[in-house]
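Note: the block below is start.tsv and it holds TSV, C-alpha atoms and all ligand atoms.
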```tsv
chain	number	residue	atom	x	y	z
P	4	MET	CA	-43.92	-36.74	-19.44
P	5	LYS	CA	-44.83	-33.88	-17.12
P	6	LYS	CA	-42.68	-35.45	-14.38
P	7	LEU	CA	-39.75	-35.73	-16.74
P	8	LEU	CA	-40.10	-32.10	-17.75
P	9	THR	CA	-40.18	-31.00	-14.10
P	10	LEU	CA	-37.08	-33.07	-13.43
P	11	VAL	CA	-35.23	-31.60	-16.38
P	12	LEU	CA	-36.21	-28.07	-15.33
P	13	ALA	CA	-35.12	-28.68	-11.73
P	14	LEU	CA	-31.81	-30.08	-12.91
P	15	ALA	CA	-31.27	-27.10	-15.21
P	16	LEU	CA	-31.99	-24.76	-12.30
P	17	VAL	CA	-29.50	-26.51	-9.99
P	18	LEU	CA	-26.84	-26.59	-12.68
P	19	GLY	CA	-27.54	-22.99	-13.54
P	20	LEU	CA	-27.14	-21.89	-9.93
P	21	ALA	CA	-23.94	-23.88	-9.53
P	22	ALA	CA	-22.59	-22.41	-12.74
P	23	ASN	CA	-23.50	-18.90	-11.55
P	24	ALA	CA	-21.73	-19.20	-8.23
P	25	SER	CA	-18.51	-20.17	-9.91
P	26	ALA	CA	-18.94	-17.76	-12.81
P	27	LEU	CA	-18.24	-14.53	-10.98
P	28	THR	CA	-16.41	-11.86	-12.90
P	29	VAL	CA	-14.19	-9.74	-10.68
P	30	ALA	CA	-12.59	-6.63	-12.15
P	31	PHE	CA	-9.55	-4.92	-10.62
P	32	SER	CA	-8.43	-1.39	-11.50
P	33	GLN	CA	-4.83	-1.25	-10.27
P	34	ILE	CA	-2.69	1.90	-10.42
P	35	GLY	CA	0.44	0.49	-12.07
P	36	GLN	CA	3.59	-1.36	-11.10
P	37	GLU	CA	5.77	1.28	-9.45
P	38	SER	CA	7.19	-0.74	-6.58
P	39	ASP	CA	7.88	-4.20	-5.14
P	40	TRP	CA	4.89	-3.65	-2.88
P	41	ARG	CA	2.62	-3.03	-5.85
P	42	THR	CA	3.82	-6.10	-7.78
P	43	ALA	CA	3.20	-8.26	-4.73
P	44	ASN	CA	-0.24	-6.72	-4.25
P	45	THR	CA	-1.24	-7.33	-7.88
P	46	ASP	CA	0.08	-10.90	-7.91
P	47	ASN	CA	-1.52	-11.78	-4.59
P	48	VAL	CA	-5.00	-10.46	-5.41
P	49	CYS	CA	-5.11	-11.61	-9.05
P	50	ALA	CA	-3.83	-15.13	-8.28
P	51	ALA	CA	-6.42	-15.57	-5.53
P	52	ILE	CA	-9.29	-14.51	-7.80
P	53	GLU	CA	-8.16	-16.96	-10.47
P	54	ALA	CA	-7.65	-19.72	-7.91
P	55	GLU	CA	-11.37	-19.43	-7.09
P	56	GLY	CA	-12.17	-20.14	-10.73
P	57	TRP	CA	-13.59	-16.62	-11.10
P	58	THR	CA	-12.98	-14.57	-14.21
P	59	LEU	CA	-10.49	-11.77	-13.62
P	60	VAL	CA	-10.68	-8.54	-15.60
P	61	TYR	CA	-7.47	-6.72	-14.71
P	62	ASP	CA	-6.49	-3.24	-15.75
P	63	ASP	CA	-3.13	-1.55	-15.12
P	64	GLY	CA	-3.67	2.22	-14.98
P	65	GLN	CA	0.01	3.07	-15.66
P	66	GLN	CA	-0.15	5.73	-12.88
P	67	LYS	CA	-2.72	7.74	-14.81
P	68	GLN	CA	-6.09	8.70	-13.36
P	69	GLU	CA	-7.66	9.04	-16.82
P	70	ASN	CA	-6.71	5.42	-17.62
P	71	GLN	CA	-8.34	4.25	-14.42
P	72	ILE	CA	-11.52	6.22	-15.13
P	73	LYS	CA	-11.67	4.62	-18.56
P	74	ALA	CA	-11.13	1.17	-17.06
P	75	LEU	CA	-13.92	1.65	-14.51
P	76	ARG	CA	-16.31	2.69	-17.29
P	77	ASN	CA	-15.32	-0.40	-19.29
P	78	PHE	CA	-16.03	-2.58	-16.26
P	79	ILE	CA	-19.52	-1.04	-16.09
P	80	THR	CA	-20.14	-1.67	-19.80
P	81	GLN	CA	-18.99	-5.27	-19.40
P	82	GLY	CA	-21.37	-5.73	-16.48
P	83	VAL	CA	-18.81	-7.33	-14.15
P	84	ASP	CA	-20.01	-8.70	-10.80
P	85	TYR	CA	-17.51	-6.93	-8.50
P	86	ILE	CA	-15.06	-4.07	-8.85
P	87	LEU	CA	-11.85	-3.82	-6.83
P	88	PHE	CA	-10.44	-0.32	-6.93
P	89	THR	CA	-7.19	1.39	-5.87
P	90	GLY	CA	-6.93	5.02	-7.00
P	91	VAL	CA	-3.55	6.46	-7.93
P	92	VAL	CA	-4.43	9.78	-6.26
P	93	SER	CA	-7.09	10.44	-3.68
P	94	THR	CA	-9.19	13.15	-5.39
P	95	GLY	CA	-11.31	13.26	-8.54
P	96	TRP	CA	-13.21	9.97	-8.36
P	97	GLU	CA	-16.71	11.21	-7.36
P	98	GLU	CA	-18.21	11.09	-10.84
P	99	VAL	CA	-16.97	7.72	-12.01
P	100	LEU	CA	-17.62	6.00	-8.68
P	101	ALA	CA	-21.16	7.40	-8.71
P	102	GLU	CA	-21.53	5.71	-12.10
P	103	VAL	CA	-20.35	2.43	-10.55
P	104	ASN	CA	-22.99	2.90	-7.84
P	105	GLU	CA	-25.69	3.63	-10.41
P	106	ALA	CA	-24.77	0.42	-12.22
P	107	GLU	CA	-25.21	-1.35	-8.85
P	108	ILE	CA	-21.88	-3.13	-9.10
P	109	PRO	CA	-20.53	-3.86	-5.62
P	110	LEU	CA	-17.35	-1.85	-5.08
P	111	LEU	CA	-14.44	-2.90	-2.84
P	112	LEU	CA	-11.86	-0.24	-2.02
P	113	LEU	CA	-8.31	-1.51	-1.70
P	114	ASP	CA	-5.14	0.08	-0.30
P	115	ARG	CA	-5.62	3.77	-1.16
P	116	ILE	CA	-9.02	5.04	-0.09
P	117	PRO	CA	-10.39	7.91	-2.23
P	118	ASP	CA	-11.31	11.11	-0.40
P	119	CYS	CA	-14.93	10.87	-1.65
P	120	ALA	CA	-15.43	7.56	0.21
P	121	ASP	CA	-18.03	9.17	2.49
P	122	GLN	CA	-20.18	10.18	-0.48
P	123	ILE	CA	-20.22	6.88	-2.34
P	124	ASP	CA	-21.44	3.36	-1.64
P	125	TYR	CA	-18.93	0.59	-1.21
P	126	VAL	CA	-19.32	-2.85	0.26
P	127	ALA	CA	-15.96	-3.10	2.05
P	128	ALA	CA	-12.60	-1.32	2.29
P	129	PHE	CA	-9.13	-2.52	3.23
P	130	GLY	CA	-6.10	-0.27	3.48
P	131	GLY	CA	-2.99	0.56	5.48
P	132	ASP	CA	-3.07	3.03	8.36
P	133	PHE	CA	-0.79	5.47	6.57
P	134	VAL	CA	-0.82	8.21	9.20
P	135	GLU	CA	0.22	5.70	11.84
P	136	GLU	CA	2.95	4.35	9.54
P	137	GLY	CA	4.31	7.90	9.19
P	138	ARG	CA	4.29	8.38	12.97
P	139	ARG	CA	6.16	5.09	13.34
P	140	MET	CA	8.82	6.24	10.90
P	141	ALA	CA	9.48	9.40	12.90
P	142	ARG	CA	9.23	7.70	16.30
P	143	TRP	CA	11.51	4.82	15.42
P	144	THR	CA	14.12	7.35	14.28
P	145	GLY	CA	13.80	9.51	17.40
P	146	GLU	CA	14.02	6.52	19.73
P	147	TYR	CA	16.92	5.00	17.81
P	148	LEU	CA	18.93	8.21	18.03
P	149	LYS	CA	18.29	8.32	21.79
P	150	SER	CA	19.44	4.70	22.09
P	151	ILE	CA	22.77	5.47	20.46
P	152	GLY	CA	23.34	8.58	22.56
P	153	ARG	CA	22.35	11.10	19.90
P	154	GLY	CA	19.05	12.14	21.46
P	155	GLU	CA	20.29	15.66	22.19
P	156	GLU	CA	22.24	16.19	18.99
P	157	GLU	CA	20.58	18.25	16.29
P	158	VAL	CA	20.18	15.99	13.25
P	159	ASN	CA	19.11	16.95	9.75
P	160	VAL	CA	16.33	14.86	8.25
P	161	VAL	CA	15.36	14.63	4.59
P	162	MET	CA	12.12	13.05	3.43
P	163	LEU	CA	11.39	11.25	0.17
P	164	GLU	CA	7.65	11.41	-0.34
P	165	GLY	CA	5.47	9.09	-2.39
P	166	THR	CA	3.36	10.04	-5.40
P	167	THR	CA	2.00	13.50	-4.68
P	168	GLY	CA	-1.68	13.38	-3.77
P	169	ALA	CA	-1.75	9.60	-3.22
P	170	ASP	CA	-3.51	8.52	-0.05
P	171	ALA	CA	-0.32	6.76	1.12
P	172	GLN	CA	1.77	9.91	0.57
P	173	ILE	CA	-0.72	12.23	2.24
P	174	GLY	CA	-1.11	9.97	5.27
P	175	ARG	CA	2.58	9.18	5.75
P	176	SER	CA	3.60	12.84	5.40
P	177	GLU	CA	0.91	13.80	7.91
P	178	GLY	CA	2.07	11.16	10.42
P	179	ILE	CA	5.74	12.08	10.04
P	180	LEU	CA	5.07	15.81	10.43
P	181	GLU	CA	2.85	15.13	13.43
P	182	ALA	CA	5.38	12.94	15.29
P	183	LEU	CA	8.66	14.68	14.43
P	184	PRO	CA	8.10	17.50	17.00
P	185	GLU	CA	8.06	14.81	19.73
P	186	TYR	CA	11.83	14.73	19.09
P	187	PRO	CA	13.01	18.34	19.04
P	188	ASN	CA	16.49	17.30	17.90
P	189	LEU	CA	15.07	16.07	14.57
P	190	LYS	CA	15.00	18.88	12.02
P	191	LEU	CA	13.31	18.33	8.66
P	192	VAL	CA	15.49	20.18	6.14
P	193	ALA	CA	14.06	18.96	2.81
P	194	GLN	CA	11.16	17.00	1.40
P	195	GLN	CA	10.42	16.02	-2.19
P	196	SER	CA	8.47	13.38	-4.07
P	197	GLY	CA	10.32	10.38	-5.43
P	198	ASN	CA	7.04	9.01	-6.80
P	199	PHE	CA	7.39	5.69	-4.91
P	200	THR	CA	9.98	4.47	-7.46
P	201	ARG	CA	13.55	3.36	-7.03
P	202	ALA	CA	14.83	5.48	-9.96
P	203	GLU	CA	13.23	8.68	-8.70
P	204	GLY	CA	14.30	7.98	-5.13
P	205	GLN	CA	17.86	7.76	-6.37
P	206	ALA	CA	17.62	10.95	-8.47
P	207	VAL	CA	16.06	13.04	-5.69
P	208	MET	CA	18.59	11.77	-3.14
P	209	GLU	CA	21.40	12.74	-5.53
P	210	SER	CA	20.06	16.27	-5.67
P	211	PHE	CA	19.60	16.40	-1.86
P	212	LEU	CA	23.23	15.32	-1.44
P	213	LYS	CA	24.40	18.04	-3.81
P	214	SER	CA	22.41	20.85	-2.24
P	215	ILE	CA	22.44	19.99	1.48
P	216	ASP	CA	25.72	19.99	3.41
P	217	LYS	CA	24.79	17.67	6.23
P	218	ILE	CA	22.18	14.92	5.96
P	219	ASP	CA	21.89	12.63	9.00
P	220	VAL	CA	18.62	10.83	8.39
P	221	LEU	CA	16.55	9.81	5.38
P	222	LEU	CA	12.88	8.99	5.83
P	223	ALA	CA	11.71	7.31	2.62
P	224	GLN	CA	7.97	6.75	2.31
P	225	ASN	CA	8.59	3.40	0.64
P	226	ASP	CA	11.43	0.90	0.51
P	227	ASP	CA	11.97	1.23	-3.24
P	228	MET	CA	12.88	4.90	-2.85
P	229	ALA	CA	15.12	4.05	0.12
P	230	LEU	CA	16.94	1.47	-2.00
P	231	GLY	CA	17.41	3.95	-4.85
P	232	ALA	CA	18.72	6.49	-2.34
P	233	ILE	CA	21.22	3.94	-1.01
P	234	ASP	CA	22.78	3.83	-4.50
P	235	ALA	CA	22.99	7.64	-4.55
P	236	ILE	CA	24.55	7.71	-1.08
P	237	LYS	CA	27.19	5.14	-2.04
P	238	ALA	CA	27.96	7.03	-5.26
P	239	ALA	CA	28.56	10.14	-3.13
P	240	GLY	CA	31.19	8.22	-1.14
P	241	LEU	CA	29.09	7.94	2.02
P	242	VAL	CA	28.13	4.82	3.95
P	243	PRO	CA	24.35	4.18	3.95
P	244	GLY	CA	22.99	3.04	7.30
P	245	LYS	CA	25.92	4.67	9.12
P	246	ASP	CA	26.69	8.13	7.75
P	247	ILE	CA	23.01	8.48	6.94
P	248	ILE	CA	20.37	6.61	8.94
P	249	ILE	CA	17.76	5.23	6.54
P	250	VAL	CA	14.18	4.34	7.42
P	251	GLY	CA	11.83	2.97	4.77
P	252	CYS	CA	8.26	1.78	4.67
P	253	ASP	CA	6.58	-1.41	3.34
P	254	SER	CA	8.95	-4.14	4.70
P	255	VAL	CA	9.68	-5.81	1.38
P	256	LYS	CA	12.31	-8.51	1.21
P	257	THR	CA	14.90	-6.32	-0.55
P	258	ALA	CA	14.66	-3.87	2.35
P	259	PHE	CA	15.17	-6.72	4.83
P	260	ASP	CA	18.31	-7.70	2.90
P	261	ALA	CA	19.56	-4.09	3.02
P	262	ILE	CA	18.91	-3.98	6.80
P	263	VAL	CA	20.79	-7.24	7.32
P	264	ALA	CA	23.66	-5.83	5.20
P	265	GLY	CA	23.71	-2.79	7.51
P	266	GLU	CA	22.84	-0.39	4.70
P	267	MET	CA	19.38	0.46	5.95
P	268	ASN	CA	18.23	0.80	9.56
P	269	ALA	CA	14.52	0.04	9.73
P	270	THR	CA	11.37	-0.46	7.68
P	271	ILE	CA	7.80	0.09	8.79
P	272	GLU	CA	5.45	-2.67	7.73
P	273	CYS	CA	2.59	-2.19	5.28
P	274	THR	CA	1.21	-5.42	3.95
P	275	PRO	CA	0.29	-5.78	0.24
P	276	LEU	CA	-1.40	-9.14	0.83
P	277	TYR	CA	-5.08	-8.30	0.52
P	278	ALA	CA	-6.32	-11.56	-0.97
P	279	ASP	CA	-7.07	-12.96	2.48
P	280	PHE	CA	-9.45	-10.08	3.04
P	281	VAL	CA	-10.92	-9.79	-0.44
P	282	ILE	CA	-11.80	-13.41	-1.21
P	283	PRO	CA	-13.69	-14.23	2.03
P	284	THR	CA	-15.47	-10.88	1.77
P	285	ILE	CA	-16.73	-11.59	-1.76
P	286	LYS	CA	-17.86	-15.06	-0.67
P	287	ALA	CA	-19.69	-13.59	2.31
P	288	LEU	CA	-21.33	-10.94	0.11
P	289	GLU	CA	-22.46	-13.69	-2.25
P	290	GLU	CA	-24.20	-15.29	0.71
P	291	GLY	CA	-26.01	-12.06	1.46
P	292	GLN	CA	-23.84	-10.79	4.32
P	293	THR	CA	-23.20	-7.06	4.55
P	294	PHE	CA	-20.39	-5.01	6.11
P	295	ASP	CA	-20.24	-1.49	7.46
P	296	LYS	CA	-18.07	1.17	5.87
P	297	THR	CA	-15.19	0.92	8.31
P	298	VAL	CA	-11.83	0.78	6.56
P	299	ILE	CA	-10.06	-2.33	7.83
P	300	HIS	CA	-6.35	-1.90	8.58
P	301	PRO	CA	-4.26	-5.08	8.74
P	302	GLU	CA	-1.98	-5.45	11.75
P	303	GLU	CA	1.51	-4.21	11.02
P	304	GLY	CA	4.79	-3.73	12.83
P	305	VAL	CA	8.24	-2.26	12.45
P	306	TYR	CA	11.37	-4.22	11.59
P	307	ASP	CA	14.89	-3.22	12.48
P	308	CYS	CA	18.22	-4.82	13.12
P	309	VAL	CA	19.30	-3.09	16.28
P	310	GLY	CA	17.38	-4.90	18.95
P	311	GLY	CA	13.82	-3.70	18.58
P	312	ILE	CA	13.48	-0.01	19.34
P	313	ASN	CA	10.24	0.64	21.16
P	314	CYS	CA	8.32	3.35	19.35
P	315	GLY	CA	4.95	2.60	20.84
P	316	THR	CA	4.19	-0.30	18.52
P	317	VAL	CA	5.19	-3.85	17.70
P	318	VAL	CA	8.86	-3.88	16.82
P	319	SER	CA	10.67	-6.99	15.64
P	320	THR	CA	14.35	-7.37	15.16
P	321	LEU	CA	14.82	-9.16	11.88
P	322	ALA	CA	15.26	-12.86	12.36
P	323	ALA	CA	16.15	-15.33	9.62
P	324	ASP	CA	12.69	-16.92	9.66
P	325	VAL	CA	10.96	-13.56	9.25
P	326	ILE	CA	13.07	-12.91	6.15
P	327	ASP	CA	12.53	-16.44	4.81
P	328	GLN	CA	8.79	-16.23	5.21
P	329	ARG	CA	8.47	-12.92	3.42
P	330	VAL	CA	7.15	-13.70	-0.06
P	331	TYR	CA	7.52	-10.21	-1.54
L	1	LIG	O1	3.83	1.80	0.17
L	1	LIG	C1	4.26	1.83	-2.13
L	1	LIG	C2	3.36	1.71	-3.28
L	1	LIG	O2	-0.25	2.52	-1.54
L	1	LIG	C3	0.59	1.43	0.36
L	1	LIG	O3	2.16	2.33	-2.86
L	1	LIG	C4	0.74	1.69	-1.08
L	1	LIG	C5	2.09	2.27	-1.46
L	1	LIG	C6	3.31	1.46	-1.05
L	1	LIG	O4	3.87	2.14	-4.44
L	1	LIG	O5	5.38	1.03	-2.20
```
Show this structure as structure tokens.
Amino acid sequence: MKKLLTLVLALALVLGLAANASALTVAFSQIGQESDWRTANTDNVCAAIEAEGWTLVYDDGQQKQENQIKALRNFITQGVDYILFTGVVSTGWEEVLAEVNEAEIPLLLLDRIPDCADQIDYVAAFGGDFVEEGRRMARWTGEYLKSIGRGEEEVNVVMLEGTTGADAQIGRSEGILEALPEYPNLKLVAQQSGNFTRAEGQAVMESFLKSIDKIDVLLAQNDDMALGAIDAIKAAGLVPGKDIIIVGCDSVKTAFDAIVAGEMNATIECTPLYADFVIPTIKALEEGQTFDKTVIHPEEGVYDCVGGINCGTVVSTLAADVIDQRVY
């Protein structure tokens, strides 16, 4: 009888452990669905969590910090096992992330890293190197102009910025402003937020075109805004990609199509595919591994259609297989 009891208990323990390992609950506070990049990021991360058989608690913050704060507090109340977090803006998260720490829920920072990262505990962080992406945007443009014999000509540049105060906006603006002076012929004549959306990119470009006599270059901090601006440029009777050189950021498939059609000139890569980082990290954490607080940047390049302008980084001229393989 005693033996039987021991056996039953041992079995229950094994089953219990097995059930636990597969019964993780992973919560994800996402900022919204403003761009092709974001949709791809959400789909990629959420599908991978579900493919593991883990329970996904997903919250779409609709671009509002207060919604995200509420979501994080709900995750704490629910007692989830892991929290994935991307903040719409970079400031104002100290309090709620301290609450996550107090609840001892492991926190993974994704994409946009909050400015309080140094003061909070997190188990891993993955995000783009936004400053470098901004530098690449400026450098590709400067080198391209040189390559077509316009390196000495004074050209007017306008910049469509992302959501004001977002890590990706702050970093890309910083990188662009840092690298533009390397090309004294590039003159920034206007900059405004298009909020990372196609509609706002179009509207702001329309107003640039009305108020600025000569625009030679558009630097759009994401491809969606570049694509919206292309519509505005066409509506103004100009030829995008020729009358106005257009450089985007993200490298989404629609931007590749625009480059191939000659309506856009280059896009700087920023991958949204974080599942390959997140899933193995959670598994490793489950096994007791720890990571330091370094923010991991995936490797990224620049794509153009003019023969690979060298701007101090990997540059690939768009080939059919690159376009085919792009899933977002
Ligand atoms: O470039 C943009 C999105 O934070 C890197 O956010 C991300 C940016 C991306 O809306 O398209």
Provide an axis-aligned box for all listed atoms of ligand LIG 1 (chain L), padding each side by 8 Å; report its centre and its edge lengths in Å to one decimal, as lines of an AutoDock Vina configuration file.
```
center_x = 2.6
center_y = 1.8
center_z = -2.0
size_x = 21.6
size_y = 17.5
size_z = 20.8
```
Near-ligand residues for ligand LIG 1 (chain L), threshold 6 Å, all atoms listed in the file, as a PDB file with C-alpha atoms, in the coordinates of the input:
```pdb
ATOM      1  CA  GLU P  37       5.770   1.280  -9.450  1.00  0.00           C
ATOM      2  CA  SER P  38       7.190  -0.740  -6.580  1.00  0.00           C
ATOM      3  CA  TRP P  40       4.890  -3.650  -2.880  1.00  0.00           C
ATOM      4  CA  ARG P  41       2.620  -3.030  -5.850  1.00  0.00           C
ATOM      5  CA  ASP P 114      -5.140   0.080  -0.300  1.00  0.00           C
ATOM      6  CA  ARG P 115      -5.620   3.770  -1.160  1.00  0.00           C
ATOM      7  CA  ALA P 171      -0.320   6.760   1.120  1.00  0.00           C
ATOM      8  CA  PHE P 199       7.390   5.690  -4.910  1.00  0.00           C
ATOM      9  CA  ASN P 225       8.590   3.400   0.640  1.00  0.00           C
ATOM     10  CA  ASP P 253       6.580  -1.410   3.340  1.00  0.00           C
TER      11      ASP P 253
END
```
- [ ] Take the point (24.7, 11.9, 12.2) as written in the file and pick out every residue within 7 Å of it, counting all atoms listed in the file; give the list as a PyMOL selection string.
- [x] chain P and resi 158+219+246-247
Open item on the list: Quick one: residues within 12 Å of Gly131 of chain P, all atoms listed in the file, excluding same-chain residues fewer than 5 positions away - as a list in words?
Closed with: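 Residues meeting the cut-off are Leu112, Leu113, Asp114, Arg115, Ile116, Glu136, Gly137, Asp170, Ala171, Gln172, Gly174, Arg175, Cys252, Asp253, Ile271, Glu272, Cys273, Thr274, Pro275, Leu276, Tyr277, Val298, Ile299, His300, Pro301, Glu302, Glu303 and Gly304 of chain P.
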Task: Interatomic distance, atom CA of Gln81 of chain P to atom CA of Ala30 of chain P (Å, one decimal) - done: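 That distance, rounded to one decimal, is 9.8 Å.
Minimum atom-to-atom distances from P:Leu189, P:Ala264, P:Ala127, P:Val330 to Lys296 of chain P were compared using all atoms listed in the file, and the lowest value belongs to P:Ala127.
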Open item on the list: Here is a test: counting all atoms listed in the file, which residue of P:Ala238, P:Leu27, P:Leu183, P:Ile249 is nearest to Gly56 of chain P?
Closed with: P:Leu27
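Near (7.7, 7.6, -1.1), the residues inside the 7 Å limit, counting all atoms listed in the file, come to Leu163, Glu164, Gly165, Thr166, Gln172, Ser196, Gly197, Asn198, Phe199, Ala223, Gln224, Asn225 and Met228 of chain P.
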Task: Long-range neighbours of Phe294 of chain P as a PyMOL selection string, 9 Å cut-off, all atoms listed in the file, 5 positions minimum in chain - done: chain P and resi 126-127+284+288
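We find atom CA of Ala322 of chain P and atom CA of Ala232 of chain P to be spaced 24.5 Å apart.
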TODO: Tell me which of P:Val160, P:Val103, P:Leu212, P:Ile262 sits closest to Lys237 of chain P, counting only C-alpha atoms.
DONE: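 Using only C-alpha atoms, the shortest distance to Lys237 of chain P belongs to P:Leu212.
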TODO: Compare P:Glu55, P:Asp62, P:Glu209, P:Glu203 by their minimum atom-to-atom distance to Gln33 of chain P, counting all atoms listed in the file, and give me the closest one.
DONE: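 Of all the options, P:Asp62 lies closest to Gln33 of chain P.
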Open item on the list: Residues near Glu266 of chain P, anyone? I mean within 9 Å using all atoms listed in the file, not counting same-chain ones fewer than 2 positions away, as a PyMOL selection string.
Closed with: chain P and resi 233+242-245+248-249+260-264+268
TODO: Quick one: pull the distance between atom CA of Val91 of chain P and atom CA of Ile34 of chain P, Å, one decimal.
DONE: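 A separation of 5.3 Å between them.
Minimum atom-to-atom distances from P:Ala141, P:Ala278, P:Ala120, P:Leu321 to Glu185 of chain P were compared using all atoms listed in the file, and the lowest value belongs to P:Ala141.
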Open item on the list: Please determine, counting only C-alpha atoms, which residue among P:Val317, P:Ile79, P:Leu222, P:Val255 has the shortest atom-to-atom distance to Thr42 of chain P.
Closed with: P:Val255
Open item on the list: Which residues are near Glu156 of chain P? Cut-off 9 Å, all atoms listed in the file, ignore same chain within fewer than 3 positions. Put them as an MDAnalysis selection string.
Closed with: chainID P and resid 148 152:153 188:189
File dump, residues just selected, C-alpha atoms, as a compact mmCIF listing (two decimals), keeping the file's coordinate frame:
```txt
# COMPACT_ATOMS: atom_id res chain seq x y z
CA LEU P 148 18.93 8.21 18.03
CA GLY P 152 23.34 8.58 22.56
CA ARG P 153 22.35 11.10 19.90
CA ASN P 188 16.49 17.30 17.90
CA LEU P 189 15.07 16.07 14.57
```
- [ ] Write out as a PyMOL selection string which residues come within 12 Å of segment 67-78 of chain P when counting all atoms listed in the file, dropping same-chain ones fewer than 4 positions away.
- [x] chain P and resi 28-37+59-63+82-110+117+166+168-169
Go ahead and write the residues just picked, C-alpha atoms, as an mmCIF file, in the coordinates of the input.
```cif
data_model
loop_
_atom_site.group_PDB
_atom_site.id
_atom_site.type_symbol
_atom_site.label_atom_id
_atom_site.label_comp_id
_atom_site.auth_asym_id
_atom_site.auth_seq_id
_atom_site.Cartn_x
_atom_site.Cartn_y
_atom_site.Cartn_z
ATOM 1 C CA THR P 28 -16.410 -11.860 -12.900
ATOM 2 C CA VAL P 29 -14.190 -9.740 -10.680
ATOM 3 C CA ALA P 30 -12.590 -6.630 -12.150
ATOM 4 C CA PHE P 31 -9.550 -4.920 -10.620
ATOM 5 C CA SER P 32 -8.430 -1.390 -11.500
ATOM 6 C CA GLN P 33 -4.830 -1.250 -10.270
ATOM 7 C CA ILE P 34 -2.690 1.900 -10.420
ATOM 8 C CA GLY P 35 0.440 0.490 -12.070
ATOM 9 C CA GLN P 36 3.590 -1.360 -11.100
ATOM 10 C CA GLU P 37 5.770 1.280 -9.450
ATOM 11 C CA LEU P 59 -10.490 -11.770 -13.620
ATOM 12 C CA VAL P 60 -10.680 -8.540 -15.600
ATOM 13 C CA TYR P 61 -7.470 -6.720 -14.710
ATOM 14 C CA ASP P 62 -6.490 -3.240 -15.750
ATOM 15 C CA ASP P 63 -3.130 -1.550 -15.120
ATOM 16 C CA GLY P 82 -21.370 -5.730 -16.480
ATOM 17 C CA VAL P 83 -18.810 -7.330 -14.150
ATOM 18 C CA ASP P 84 -20.010 -8.700 -10.800
ATOM 19 C CA TYR P 85 -17.510 -6.930 -8.500
ATOM 20 C CA ILE P 86 -15.060 -4.070 -8.850
ATOM 21 C CA LEU P 87 -11.850 -3.820 -6.830
ATOM 22 C CA PHE P 88 -10.440 -0.320 -6.930
ATOM 23 C CA THR P 89 -7.190 1.390 -5.870
ATOM 24 C CA GLY P 90 -6.930 5.020 -7.000
ATOM 25 C CA VAL P 91 -3.550 6.460 -7.930
ATOM 26 C CA VAL P 92 -4.430 9.780 -6.260
ATOM 27 C CA SER P 93 -7.090 10.440 -3.680
ATOM 28 C CA THR P 94 -9.190 13.150 -5.390
ATOM 29 C CA GLY P 95 -11.310 13.260 -8.540
ATOM 30 C CA TRP P 96 -13.210 9.970 -8.360
ATOM 31 C CA GLU P 97 -16.710 11.210 -7.360
ATOM 32 C CA GLU P 98 -18.210 11.090 -10.840
ATOM 33 C CA VAL P 99 -16.970 7.720 -12.010
ATOM 34 C CA LEU P 100 -17.620 6.000 -8.680
ATOM 35 C CA ALA P 101 -21.160 7.400 -8.710
ATOM 36 C CA GLU P 102 -21.530 5.710 -12.100
ATOM 37 C CA VAL P 103 -20.350 2.430 -10.550
ATOM 38 C CA ASN P 104 -22.990 2.900 -7.840
ATOM 39 C CA GLU P 105 -25.690 3.630 -10.410
ATOM 40 C CA ALA P 106 -24.770 0.420 -12.220
ATOM 41 C CA GLU P 107 -25.210 -1.350 -8.850
ATOM 42 C CA ILE P 108 -21.880 -3.130 -9.100
ATOM 43 C CA PRO P 109 -20.530 -3.860 -5.620
ATOM 44 C CA LEU P 110 -17.350 -1.850 -5.080
ATOM 45 C CA PRO P 117 -10.390 7.910 -2.230
ATOM 46 C CA THR P 166 3.360 10.040 -5.400
ATOM 47 C CA GLY P 168 -1.680 13.380 -3.770
ATOM 48 C CA ALA P 169 -1.750 9.600 -3.220
#
```
